[in-house]
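Listing of protein.pdb; format and content: PDB, C-alpha atoms.
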```pdb
ATOM      1  CA  MET A   1      -5.148 -15.718 -11.647
ATOM      2  CA  SER A   2      -3.553 -14.382  -8.473
ATOM      3  CA  SER A   3      -5.451 -14.342  -5.216
ATOM      4  CA  THR A   4      -6.903 -11.221  -3.678
ATOM      5  CA  PHE A   5      -4.193 -11.359  -1.031
ATOM      6  CA  ASP A   6      -1.419 -11.602  -3.610
ATOM      7  CA  GLN A   7      -2.777  -8.576  -5.453
ATOM      8  CA  VAL A   8      -3.221  -6.538  -2.276
ATOM      9  CA  ALA A   9       0.213  -7.487  -0.969
ATOM     10  CA  GLN A  10       1.761  -6.465  -4.274
ATOM     11  CA  ILE A  11      -0.088  -3.140  -4.185
ATOM     12  CA  ILE A  12       1.127  -2.467  -0.644
ATOM     13  CA  ALA A  13       4.689  -3.449  -1.505
ATOM     14  CA  GLU A  14       4.781  -1.149  -4.526
ATOM     15  CA  THR A  15       2.853   1.738  -2.995
ATOM     16  CA  CYS A  16       4.642   1.864   0.346
ATOM     17  CA  ASP A  17       8.000   0.410  -0.614
ATOM     18  CA  ILE A  18       7.618  -2.453   1.845
ATOM     19  CA  PRO A  19       9.437  -5.733   1.045
ATOM     20  CA  ARG A  20       6.859  -8.122  -0.336
ATOM     21  CA  ASP A  21       8.100 -11.050   1.733
ATOM     22  CA  THR A  22       7.350  -9.204   4.989
ATOM     23  CA  ILE A  23       3.663  -8.896   4.087
ATOM     24  CA  THR A  24       1.547 -11.810   5.277
ATOM     25  CA  PRO A  25      -2.203 -12.453   5.574
ATOM     26  CA  ASP A  26      -1.890 -11.846   9.310
ATOM     27  CA  SER A  27      -0.091  -8.495   8.906
ATOM     28  CA  HIS A  28      -1.926  -5.527  10.369
ATOM     29  CA  ALA A  29      -1.562  -2.717   7.848
ATOM     30  CA  ILE A  30      -1.193  -0.066  10.535
ATOM     31  CA  ASP A  31       0.362  -1.826  13.511
ATOM     32  CA  ASP A  32       2.683  -4.273  11.700
ATOM     33  CA  LEU A  33       3.420  -2.576   8.383
ATOM     34  CA  GLY A  34       3.391   1.003   9.677
ATOM     35  CA  ILE A  35       1.090   2.297   6.970
ATOM     36  CA  ASP A  36      -0.405   5.664   7.909
ATOM     37  CA  SER A  37      -3.727   7.110   6.811
ATOM     38  CA  LEU A  38      -2.278   9.069   3.909
ATOM     39  CA  ASP A  39      -0.408   6.084   2.528
ATOM     40  CA  PHE A  40      -3.547   4.061   2.955
ATOM     41  CA  LEU A  41      -5.334   6.473   0.600
ATOM     42  CA  ASP A  42      -2.843   5.476  -2.100
ATOM     43  CA  ILE A  43      -3.466   1.821  -1.328
ATOM     44  CA  ALA A  44      -7.229   2.350  -1.377
ATOM     45  CA  PHE A  45      -6.946   4.088  -4.750
ATOM     46  CA  ALA A  46      -4.930   1.199  -6.174
ATOM     47  CA  ILE A  47      -7.352  -1.376  -4.730
ATOM     48  CA  ASP A  48     -10.387   0.555  -6.006
ATOM     49  CA  LYS A  49      -8.845   0.582  -9.475
ATOM     50  CA  ALA A  50      -7.637  -3.010  -9.461
ATOM     51  CA  PHE A  51     -10.914  -4.503  -8.242
ATOM     52  CA  GLY A  52     -13.391  -1.984  -9.640
ATOM     53  CA  ILE A  53     -14.830  -1.257  -6.204
ATOM     54  CA  LYS A  54     -14.958   1.589  -3.711
ATOM     55  CA  LEU A  55     -13.516   0.650  -0.338
ATOM     56  CA  PRO A  56     -15.851   2.229   2.251
ATOM     57  CA  LEU A  57     -13.020   3.766   4.242
ATOM     58  CA  GLU A  58     -15.179   6.443   5.845
ATOM     59  CA  LYS A  59     -17.697   3.896   7.096
ATOM     60  CA  TRP A  60     -14.970   1.648   8.467
ATOM     61  CA  THR A  61     -13.206   4.532  10.189
ATOM     62  CA  GLN A  62     -16.469   5.684  11.720
ATOM     63  CA  GLU A  63     -17.228   2.193  13.011
ATOM     64  CA  VAL A  64     -13.783   1.953  14.589
ATOM     65  CA  ASN A  65     -14.092   5.430  16.122
ATOM     66  CA  ASP A  66     -17.529   4.557  17.500
ATOM     67  CA  GLY A  67     -16.227   1.339  19.037
ATOM     68  CA  LYS A  68     -18.473  -0.765  16.801
ATOM     69  CA  ALA A  69     -15.546  -2.455  15.094
ATOM     70  CA  THR A  70     -11.862  -3.033  15.680
ATOM     71  CA  THR A  71      -9.073  -2.029  13.349
ATOM     72  CA  GLU A  72      -8.235  -5.748  13.054
ATOM     73  CA  GLN A  73     -11.548  -6.378  11.301
ATOM     74  CA  TYR A  74     -10.585  -4.115   8.427
ATOM     75  CA  PHE A  75      -6.829  -3.688   8.478
ATOM     76  CA  VAL A  76      -5.466  -7.186   9.093
ATOM     77  CA  LEU A  77      -4.838  -8.136   5.496
ATOM     78  CA  LYS A  78      -6.733 -11.432   5.428
ATOM     79  CA  ASN A  79      -9.763  -9.543   6.766
ATOM     80  CA  LEU A  80      -9.251  -6.672   4.349
ATOM     81  CA  CYS A  81      -9.106  -9.188   1.497
ATOM     82  CA  ALA A  82     -12.326 -10.817   2.716
ATOM     83  CA  ARG A  83     -14.017  -7.388   2.651
ATOM     84  CA  ILE A  84     -12.670  -6.822  -0.872
ATOM     85  CA  ASP A  85     -14.045 -10.189  -2.000
ATOM     86  CA  GLU A  86     -17.431  -9.262  -0.516
ATOM     87  CA  LEU A  87     -17.453  -5.935  -2.333
ATOM     88  CA  VAL A  88     -16.469  -7.576  -5.613
ATOM     89  CA  ALA A  89     -19.211 -10.185  -5.159
ATOM     90  CA  ALA A  90     -21.774  -7.506  -4.316
ATOM     91  CA  LYS A  91     -20.782  -5.567  -7.427
ATOM     92  CA  GLY A  92     -21.199  -8.704  -9.541
ATOM     93  CA  ALA A  93     -24.595  -9.402  -7.991
ATOM     94  CA  GLY A  94     -25.674  -5.815  -8.628
ATOM     95  CA  ALA A  95     -24.670  -6.036 -12.264
ATOM     96  CA  ALA A  96     -26.446  -9.350 -12.793
TER      97      ALA A  96
ATOM     98  CA  MET B   1      -5.747  36.904  -7.476
ATOM     99  CA  GLN B   2      -4.508  38.078  -4.089
ATOM    100  CA  LEU B   3      -1.463  36.059  -3.266
ATOM    101  CA  GLU B   4      -1.165  37.249   0.330
ATOM    102  CA  TYR B   5      -4.659  35.946   1.100
ATOM    103  CA  PHE B   6      -4.309  32.773  -0.949
ATOM    104  CA  GLN B   7      -7.084  33.997  -3.208
ATOM    105  CA  MET B   8      -5.812  32.262  -6.294
ATOM    106  CA  ILE B   9      -8.906  32.047  -8.455
ATOM    107  CA  ASP B  10     -10.731  34.976  -9.998
ATOM    108  CA  ARG B  11     -13.455  33.363 -12.035
ATOM    109  CA  ILE B  12     -14.904  29.982 -12.868
ATOM    110  CA  LEU B  13     -15.195  29.806 -16.644
ATOM    111  CA  ASP B  14     -16.669  26.346 -16.955
ATOM    112  CA  LEU B  15     -17.821  23.688 -14.530
ATOM    113  CA  ASN B  16     -19.110  20.381 -15.861
ATOM    114  CA  THR B  17     -20.349  17.960 -13.201
ATOM    115  CA  VAL B  18     -21.098  15.286 -15.797
ATOM    116  CA  GLU B  19     -17.640  15.272 -17.324
ATOM    117  CA  LYS B  20     -16.211  16.184 -13.908
ATOM    118  CA  THR B  21     -14.078  18.999 -15.257
ATOM    119  CA  ILE B  22     -13.523  22.636 -14.412
ATOM    120  CA  THR B  23     -11.744  25.577 -15.998
ATOM    121  CA  VAL B  24     -10.974  28.783 -14.131
ATOM    122  CA  GLU B  25      -9.183  32.032 -14.767
ATOM    123  CA  ALA B  26      -6.584  33.561 -12.477
ATOM    124  CA  GLN B  27      -4.903  36.892 -13.101
ATOM    125  CA  VAL B  28      -1.432  37.094 -11.590
ATOM    126  CA  PRO B  29      -1.012  40.582 -10.078
ATOM    127  CA  MET B  30       1.663  42.914 -11.381
ATOM    128  CA  THR B  31       2.829  43.645  -7.859
ATOM    129  CA  SER B  32       2.837  41.656  -4.641
ATOM    130  CA  THR B  33       5.037  41.383  -1.583
ATOM    131  CA  VAL B  34       5.553  37.786  -2.668
ATOM    132  CA  PHE B  35       7.459  39.002  -5.709
ATOM    133  CA  GLU B  36       9.681  41.183  -3.560
ATOM    134  CA  GLY B  37      11.255  38.037  -2.180
ATOM    135  CA  HIS B  38      10.679  35.619  -5.055
ATOM    136  CA  PHE B  39      12.967  36.895  -6.474
ATOM    137  CA  PRO B  40      14.522  40.339  -6.042
ATOM    138  CA  GLY B  41      15.147  41.657  -9.553
ATOM    139  CA  TYR B  42      13.515  38.608 -11.163
ATOM    140  CA  PRO B  43       9.927  38.202  -9.962
ATOM    141  CA  ILE B  44       8.252  34.886 -10.753
ATOM    142  CA  MET B  45       5.242  33.099  -9.323
ATOM    143  CA  PRO B  46       6.379  30.533  -6.716
ATOM    144  CA  GLY B  47       5.778  26.954  -7.782
ATOM    145  CA  VAL B  48       3.945  26.215  -4.540
ATOM    146  CA  LEU B  49       1.412  28.892  -5.450
ATOM    147  CA  LEU B  50       0.894  27.318  -8.864
ATOM    148  CA  ILE B  51       0.179  24.093  -7.012
ATOM    149  CA  GLU B  52      -2.177  26.005  -4.722
ATOM    150  CA  SER B  53      -3.956  27.385  -7.793
ATOM    151  CA  MET B  54      -4.427  23.853  -9.117
ATOM    152  CA  ALA B  55      -5.572  22.677  -5.676
ATOM    153  CA  GLN B  56      -8.182  25.425  -5.372
ATOM    154  CA  THR B  57      -9.407  24.768  -8.901
ATOM    155  CA  SER B  58      -9.734  21.068  -8.126
ATOM    156  CA  GLY B  59     -11.350  21.969  -4.831
ATOM    157  CA  TRP B  60     -14.179  23.877  -6.485
ATOM    158  CA  LEU B  61     -14.822  20.975  -8.786
ATOM    159  CA  LEU B  62     -15.008  18.590  -5.826
ATOM    160  CA  VAL B  63     -17.207  20.981  -3.837
ATOM    161  CA  ALA B  64     -19.593  21.000  -6.793
ATOM    162  CA  LEU B  65     -19.565  17.207  -7.145
ATOM    163  CA  MET B  66     -20.283  16.890  -3.422
ATOM    164  CA  LYS B  67     -23.099  19.418  -3.735
ATOM    165  CA  PHE B  68     -21.506  21.881  -1.355
ATOM    166  CA  GLU B  69     -21.932  19.485   1.554
ATOM    167  CA  ARG B  70     -18.285  18.609   2.118
ATOM    168  CA  MET B  71     -14.966  20.444   2.132
ATOM    169  CA  PRO B  72     -11.913  19.014   0.366
ATOM    170  CA  PHE B  73      -8.466  19.461   1.864
ATOM    171  CA  LEU B  74      -5.227  18.946  -0.028
ATOM    172  CA  ALA B  75      -3.595  15.726   1.173
ATOM    173  CA  ALA B  76      -0.916  14.864  -1.375
ATOM    174  CA  VAL B  77       0.835  16.341  -4.400
ATOM    175  CA  LYS B  78       2.268  13.995  -6.975
ATOM    176  CA  GLU B  79       4.011  14.459 -10.247
ATOM    177  CA  ALA B  80       4.007  18.218  -9.877
ATOM    178  CA  LYS B  81       5.967  19.837 -12.677
ATOM    179  CA  MET B  82       6.893  23.479 -13.130
ATOM    180  CA  ARG B  83       7.410  23.603 -16.863
ATOM    181  CA  GLY B  84       7.947  27.302 -17.302
ATOM    182  CA  PHE B  85       8.099  30.548 -15.361
ATOM    183  CA  VAL B  86       4.948  32.501 -14.621
ATOM    184  CA  ALA B  87       5.591  36.218 -14.457
ATOM    185  CA  PRO B  88       3.654  39.057 -12.787
ATOM    186  CA  GLY B  89       0.672  40.153 -14.881
ATOM    187  CA  GLU B  90       0.154  36.892 -16.736
ATOM    188  CA  LEU B  91      -3.334  35.443 -17.099
ATOM    189  CA  LEU B  92      -3.574  31.814 -16.004
ATOM    190  CA  THR B  93      -6.113  29.302 -17.198
ATOM    191  CA  VAL B  94      -6.316  26.447 -14.731
ATOM    192  CA  GLU B  95      -8.042  23.183 -15.624
ATOM    193  CA  ALA B  96      -8.804  20.194 -13.452
ATOM    194  CA  SER B  97     -10.508  16.846 -13.861
ATOM    195  CA  VAL B  98     -11.380  14.051 -11.479
ATOM    196  CA  VAL B  99      -9.325  10.895 -11.797
ATOM    197  CA  HIS B 100     -11.000   8.963  -8.985
ATOM    198  CA  GLU B 101     -13.670   9.490  -6.350
ATOM    199  CA  GLY B 102     -13.021   7.276  -3.355
ATOM    200  CA  SER B 103     -14.625   7.034   0.055
ATOM    201  CA  GLY B 104     -13.599  10.228   1.841
ATOM    202  CA  TYR B 105     -10.968  11.100  -0.719
ATOM    203  CA  ALA B 106     -10.580  12.086  -4.356
ATOM    204  CA  ILE B 107      -7.780  12.385  -6.875
ATOM    205  CA  THR B 108      -7.559  15.042  -9.563
ATOM    206  CA  GLU B 109      -5.263  16.019 -12.384
ATOM    207  CA  ALA B 110      -4.731  19.720 -12.960
ATOM    208  CA  LYS B 111      -2.949  21.987 -15.400
ATOM    209  CA  VAL B 112      -1.914  25.633 -15.458
ATOM    210  CA  LYS B 113      -1.761  27.206 -18.895
ATOM    211  CA  VAL B 114      -0.791  30.647 -20.157
ATOM    212  CA  GLY B 115      -1.905  31.503 -23.660
ATOM    213  CA  GLY B 116      -2.765  27.842 -24.234
ATOM    214  CA  LYS B 117       0.703  26.652 -23.302
ATOM    215  CA  LEU B 118       1.261  24.342 -20.374
ATOM    216  CA  ARG B 119       3.280  25.888 -17.529
ATOM    217  CA  SER B 120       2.570  23.463 -14.713
ATOM    218  CA  ASN B 121       0.665  20.280 -13.968
ATOM    219  CA  ALA B 122       0.145  17.960 -11.020
ATOM    220  CA  THR B 123      -1.794  15.016  -9.693
ATOM    221  CA  LEU B 124      -3.467  15.937  -6.430
ATOM    222  CA  THR B 125      -5.070  13.907  -3.665
ATOM    223  CA  PHE B 126      -7.732  15.393  -1.399
ATOM    224  CA  SER B 127      -9.386  14.095   1.707
ATOM    225  CA  HIS B 128     -12.836  15.534   2.296
ATOM    226  CA  ILE B 129     -15.082  15.884   5.309
ATOM    227  CA  PRO B 130     -18.424  17.529   6.070
ATOM    228  CA  PHE B 131     -17.955  21.274   6.593
ATOM    229  CA  PRO B 132     -16.424  21.422  10.085
ATOM    230  CA  ASN B 133     -18.213  24.614  11.119
ATOM    231  CA  PRO B 134     -20.615  27.286   9.840
ATOM    232  CA  ASP B 135     -17.852  29.889   9.567
ATOM    233  CA  LEU B 136     -15.961  27.935   6.931
ATOM    234  CA  ARG B 137     -19.158  27.136   5.084
ATOM    235  CA  GLY B 138     -20.086  30.842   5.123
ATOM    236  CA  HIS B 139     -16.648  31.788   3.867
ATOM    237  CA  MET B 140     -16.920  29.301   1.020
ATOM    238  CA  ASP B 141     -20.356  30.649   0.119
ATOM    239  CA  ALA B 142     -18.888  34.144  -0.099
ATOM    240  CA  VAL B 143     -15.957  33.007  -2.220
ATOM    241  CA  ALA B 144     -18.325  31.041  -4.441
ATOM    242  CA  LYS B 145     -20.187  34.244  -5.230
ATOM    243  CA  ARG B 146     -16.962  36.114  -5.897
ATOM    244  CA  VAL B 147     -15.652  33.531  -8.372
ATOM    245  CA  GLY B 148     -19.022  32.980 -10.050
ATOM    246  CA  PHE B 149     -19.651  29.443  -8.845
ATOM    247  CA  PRO B 150     -22.586  28.259 -10.986
ATOM    248  CA  SER B 151     -25.156  27.256  -8.390
ATOM    249  CA  GLN B 152     -27.247  25.605 -11.096
ATOM    250  CA  ALA B 153     -24.421  23.092 -11.480
ATOM    251  CA  ILE B 154     -25.386  21.466  -8.189
ATOM    252  CA  ALA B 155     -29.154  21.960  -8.367
TER     253      ALA B 155
END
```
Translate this file's structure into structure tokens.
Amino acid sequence: MSSTFDQVAQIIAETCDIPRDTITPDSHAIDDLGIDSLDFLDIAFAIDKAFGIKLPLEKWTQEVNDGKATTEQYFVLKNLCARIDELVAAKGAGAA
Amino acid sequence: MQLEYFQMIDRILDLNTVEKTITVEAQVPMTSTVFEGHFPGYPIMPGVLLIESMAQTSGWLLVALMKFERMPFLAAVKEAKMRGFVAPGELLTVEASVVHEGSGYAITEAKVKVGGKLRSNATLTFSHIPFPNPDLRGHMDAVAKRVGFPSQAIA
């Protein structure tokens, strides 16, 4: 079973036509990979589908805009994957 | 339908918030300045306006699902296909369904049919935000009345 990072990196590579080998856990989706907000919607859709979750993009954006969080917390891929794992775990706990 | 004012939809025929589907009717006018240019001697409905019809149809479905609290805006058009010409005077049936409801965005699939035959279809992405001002909300209320938006659907 591939890791969360492997799945997310593959989604980004396919969705945004970015070479897979340039995507690392430390890549910042916006600053390093140049993904804009519209492309990120496609990525969010693919992640939502692949993991059966709903990435809280609005909440994250609001937190960044309000200065309560940094973009690194959500858009550096290792951090994004950690958030995804949390959401998957929360979904599993809710279903239990 | 008033093409010059982007009033694409005449009437909501069916709106199902459980199935997340909508069907509307849109009567293409016999005359319009749009047809004078598109094209002289061979008037057909521009493909972008068919897409707009599908976007507005999807939009009403999303407005209903969000209980008239948020406004969807077209963000992306994918897999749009113009499968046949639409001529002045034709009656369009436009259907849309929700593919995915994300956080601050939604994806729909929509179809334009004439006489039961598919003329156009597309996958559409919308971003949505709370109504940005009372004027737009008031406008949408007025349009909702004109197209027969079923208020009981969001009660």
Which residues of chain B come within 9 Å of chain A, and for each one, what is the closest pair of atoms and their distance in Å to one decimal, counting all atoms listed in the file, sorted by chain and residue number, as CSV?
```
residue,atom,partner,partner_atom,distance
B:Ala75,CA,A:Leu38,CA,7.3
B:Ala76,CA,A:Leu38,CA,8.0
B:His100,CA,A:Phe45,CA,7.6
B:Glu101,CA,A:Lys54,CA,8.4
B:Gly102,CA,A:Lys54,CA,6.0
B:Ser103,CA,A:Pro56,CA,5.4
B:Gly104,CA,A:Glu58,CA,5.7
B:Tyr105,CA,A:Leu41,CA,7.4
B:Ala106,CA,A:Phe45,CA,8.8
B:Ile107,CA,A:Phe45,CA,8.6
B:Thr125,CA,A:Leu41,CA,8.6
B:Ser127,CA,A:Leu41,CA,8.7
```
_Can you translate the PyMOL selection byres ((chain B and resi 68-73) around 8) into the concrete residues it hits in this file, as a VMD selection string?_
chain B and resid 59 62 to 67 74 to 75 126 to 131 154
Using C-alpha atoms, can you write the selected residues to a file as a PDB file, in the frame of the given file?
```pdb
ATOM      1  CA  GLY B  59     -11.350  21.969  -4.831  1.00  0.00           C
ATOM      2  CA  LEU B  62     -15.008  18.590  -5.826  1.00  0.00           C
ATOM      3  CA  VAL B  63     -17.207  20.981  -3.837  1.00  0.00           C
ATOM      4  CA  ALA B  64     -19.593  21.000  -6.793  1.00  0.00           C
ATOM      5  CA  LEU B  65     -19.565  17.207  -7.145  1.00  0.00           C
ATOM      6  CA  MET B  66     -20.283  16.890  -3.422  1.00  0.00           C
ATOM      7  CA  LYS B  67     -23.099  19.418  -3.735  1.00  0.00           C
ATOM      8  CA  LEU B  74      -5.227  18.946  -0.028  1.00  0.00           C
ATOM      9  CA  ALA B  75      -3.595  15.726   1.173  1.00  0.00           C
ATOM     10  CA  PHE B 126      -7.732  15.393  -1.399  1.00  0.00           C
ATOM     11  CA  SER B 127      -9.386  14.095   1.707  1.00  0.00           C
ATOM     12  CA  HIS B 128     -12.836  15.534   2.296  1.00  0.00           C
ATOM     13  CA  ILE B 129     -15.082  15.884   5.309  1.00  0.00           C
ATOM     14  CA  PRO B 130     -18.424  17.529   6.070  1.00  0.00           C
ATOM     15  CA  PHE B 131     -17.955  21.274   6.593  1.00  0.00           C
ATOM     16  CA  ILE B 154     -25.386  21.466  -8.189  1.00  0.00           C
TER      17      ILE B 154
END
```
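For the pair atom CA of Gly94 of chain A and atom CA of Ile11 of chain A, the interatomic distance is 26.1 Å.
Using the PyMOL selection byres ((chain A and resi 25-30) around 6) on the file at hand returns these residues: Thr24, Asp31, Asp32, Leu33, Gly34, Ile35, Phe75, Val76, Leu77 and Lys78 of chain A.
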Selection result for the PyMOL selection byres ((chain B and resi 1) around 7) on this file, as a PDB file with C-alpha atoms, in the frame of the given file:
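Listed below is the output, expr.pdb:
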```
ATOM      1  CA  GLN B   2      -4.508  38.078  -4.089  1.00  0.00           C
ATOM      2  CA  LEU B   3      -1.463  36.059  -3.266  1.00  0.00           C
ATOM      3  CA  GLN B   7      -7.084  33.997  -3.208  1.00  0.00           C
ATOM      4  CA  MET B   8      -5.812  32.262  -6.294  1.00  0.00           C
ATOM      5  CA  ILE B   9      -8.906  32.047  -8.455  1.00  0.00           C
ATOM      6  CA  ASP B  10     -10.731  34.976  -9.998  1.00  0.00           C
ATOM      7  CA  ALA B  26      -6.584  33.561 -12.477  1.00  0.00           C
ATOM      8  CA  GLN B  27      -4.903  36.892 -13.101  1.00  0.00           C
ATOM      9  CA  VAL B  28      -1.432  37.094 -11.590  1.00  0.00           C
ATOM     10  CA  PRO B  29      -1.012  40.582 -10.078  1.00  0.00           C
TER      11      PRO B  29
END
```
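Omitting Val86 of chain B and its sequence neighbours fewer than 6 positions away, and counting all atoms listed in the file, the residues within 12 Å are Ala26, Gln27, Val28, Pro29, Met30, Phe35, His38, Tyr42, Pro43, Ile44, Met45, Pro46, Gly47, Val48, Leu49, Leu50, Leu92, Thr93, Val112, Lys113, Val114, Gly115, Lys117, Leu118, Arg119 and Ser120 of chain B.
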*Length of the atom CA of Val24 of chain B to atom CA of Ala142 of chain B vector [Å]*: 17.0 Å
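Closest approach to Glu36 of chain B among B:Pro88, B:Glu109, B:Thr17, B:Phe6 is made by B:Pro88 (distances from all atoms listed in the file).
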*What separation in Å, quoted to one decimal, exists between atom CA of Gly148 of chain B and atom CA of Asp14 of chain B?*
9.9 Å
For segment 85-103 of chain B, where the input has fewer atoms than it should, I would like N, CA, C and O atoms rebuilt and written as a JSON list (two decimals), in the coordinates of the input.
```
[["chain", "number", "residue", "atom", "x", "y", "z"],
["B", 85, "PHE", "N", 8.34, 29.48, -16.33],
["B", 85, "PHE", "CA", 8.10, 30.55, -15.36],
["B", 85, "PHE", "C", 6.75, 31.20, -15.62],
["B", 85, "PHE", "O", 6.30, 31.31, -16.76],
["B", 86, "VAL", "N", 6.14, 31.67, -14.53],
["B", 86, "VAL", "CA", 4.95, 32.50, -14.62],
["B", 86, "VAL", "C", 5.32, 33.85, -14.04],
["B", 86, "VAL", "O", 5.76, 33.95, -12.89],
["B", 87, "ALA", "N", 5.15, 34.88, -14.84],
["B", 87, "ALA", "CA", 5.59, 36.22, -14.46],
["B", 87, "ALA", "C", 4.42, 37.06, -13.97],
["B", 87, "ALA", "O", 3.25, 36.76, -14.26],
["B", 88, "PRO", "N", 4.71, 38.14, -13.21],
["B", 88, "PRO", "CA", 3.65, 39.06, -12.79],
["B", 88, "PRO", "C", 2.85, 39.54, -14.00],
["B", 88, "PRO", "O", 3.42, 39.83, -15.06],
["B", 89, "GLY", "N", 1.53, 39.62, -13.83],
["B", 89, "GLY", "CA", 0.67, 40.15, -14.88],
["B", 89, "GLY", "C", 0.15, 39.12, -15.86],
["B", 89, "GLY", "O", -0.71, 39.44, -16.69],
["B", 90, "GLU", "N", 0.62, 37.90, -15.78],
["B", 90, "GLU", "CA", 0.15, 36.89, -16.74],
["B", 90, "GLU", "C", -1.22, 36.36, -16.33],
["B", 90, "GLU", "O", -1.56, 36.28, -15.14],
["B", 91, "LEU", "N", -2.00, 35.99, -17.33],
["B", 91, "LEU", "CA", -3.33, 35.44, -17.10],
["B", 91, "LEU", "C", -3.28, 33.91, -17.18],
["B", 91, "LEU", "O", -2.93, 33.36, -18.22],
["B", 92, "LEU", "N", -3.62, 33.28, -16.06],
["B", 92, "LEU", "CA", -3.57, 31.81, -16.00],
["B", 92, "LEU", "C", -4.95, 31.22, -16.31],
["B", 92, "LEU", "O", -5.97, 31.74, -15.88],
["B", 93, "THR", "N", -4.93, 30.14, -17.06],
["B", 93, "THR", "CA", -6.11, 29.30, -17.20],
["B", 93, "THR", "C", -5.78, 27.99, -16.50],
["B", 93, "THR", "O", -4.78, 27.36, -16.82],
["B", 94, "VAL", "N", -6.59, 27.66, -15.51],
["B", 94, "VAL", "CA", -6.32, 26.45, -14.73],
["B", 94, "VAL", "C", -7.45, 25.45, -14.97],
["B", 94, "VAL", "O", -8.63, 25.80, -14.84],
["B", 95, "GLU", "N", -7.07, 24.24, -15.34],
["B", 95, "GLU", "CA", -8.04, 23.18, -15.62],
["B", 95, "GLU", "C", -7.84, 22.04, -14.64],
["B", 95, "GLU", "O", -6.70, 21.76, -14.23],
["B", 96, "ALA", "N", -8.92, 21.38, -14.30],
["B", 96, "ALA", "CA", -8.80, 20.19, -13.45],
["B", 96, "ALA", "C", -9.87, 19.18, -13.84],
["B", 96, "ALA", "O", -10.94, 19.55, -14.33],
["B", 97, "SER", "N", -9.54, 17.92, -13.62],
["B", 97, "SER", "CA", -10.51, 16.85, -13.86],
["B", 97, "SER", "C", -10.35, 15.80, -12.77],
["B", 97, "SER", "O", -9.27, 15.67, -12.18],
["B", 98, "VAL", "N", -11.41, 15.08, -12.52],
["B", 98, "VAL", "CA", -11.38, 14.05, -11.48],
["B", 98, "VAL", "C", -10.85, 12.75, -12.07],
["B", 98, "VAL", "O", -11.33, 12.28, -13.10],
["B", 99, "VAL", "N", -9.87, 12.19, -11.40],
["B", 99, "VAL", "CA", -9.32, 10.90, -11.80],
["B", 99, "VAL", "C", -10.05, 9.77, -11.07],
["B", 99, "VAL", "O", -10.33, 8.71, -11.64],
["B", 100, "HIS", "N", -10.36, 10.02, -9.79],
["B", 100, "HIS", "CA", -11.00, 8.96, -8.98],
["B", 100, "HIS", "C", -11.73, 9.59, -7.81],
["B", 100, "HIS", "O", -11.22, 10.54, -7.20],
["B", 101, "GLU", "N", -12.92, 9.08, -7.54],
["B", 101, "GLU", "CA", -13.67, 9.49, -6.35],
["B", 101, "GLU", "C", -13.76, 8.30, -5.41],
["B", 101, "GLU", "O", -14.47, 7.33, -5.69],
["B", 102, "GLY", "N", -13.00, 8.36, -4.33],
["B", 102, "GLY", "CA", -13.02, 7.28, -3.36],
["B", 102, "GLY", "C", -13.93, 7.61, -2.19],
["B", 102, "GLY", "O", -14.70, 8.58, -2.24],
["B", 103, "SER", "N", -13.83, 6.80, -1.15],
["B", 103, "SER", "CA", -14.62, 7.03, 0.06],
["B", 103, "SER", "C", -13.85, 7.98, 0.97],
["B", 103, "SER", "O", -12.86, 7.58, 1.57]]
```
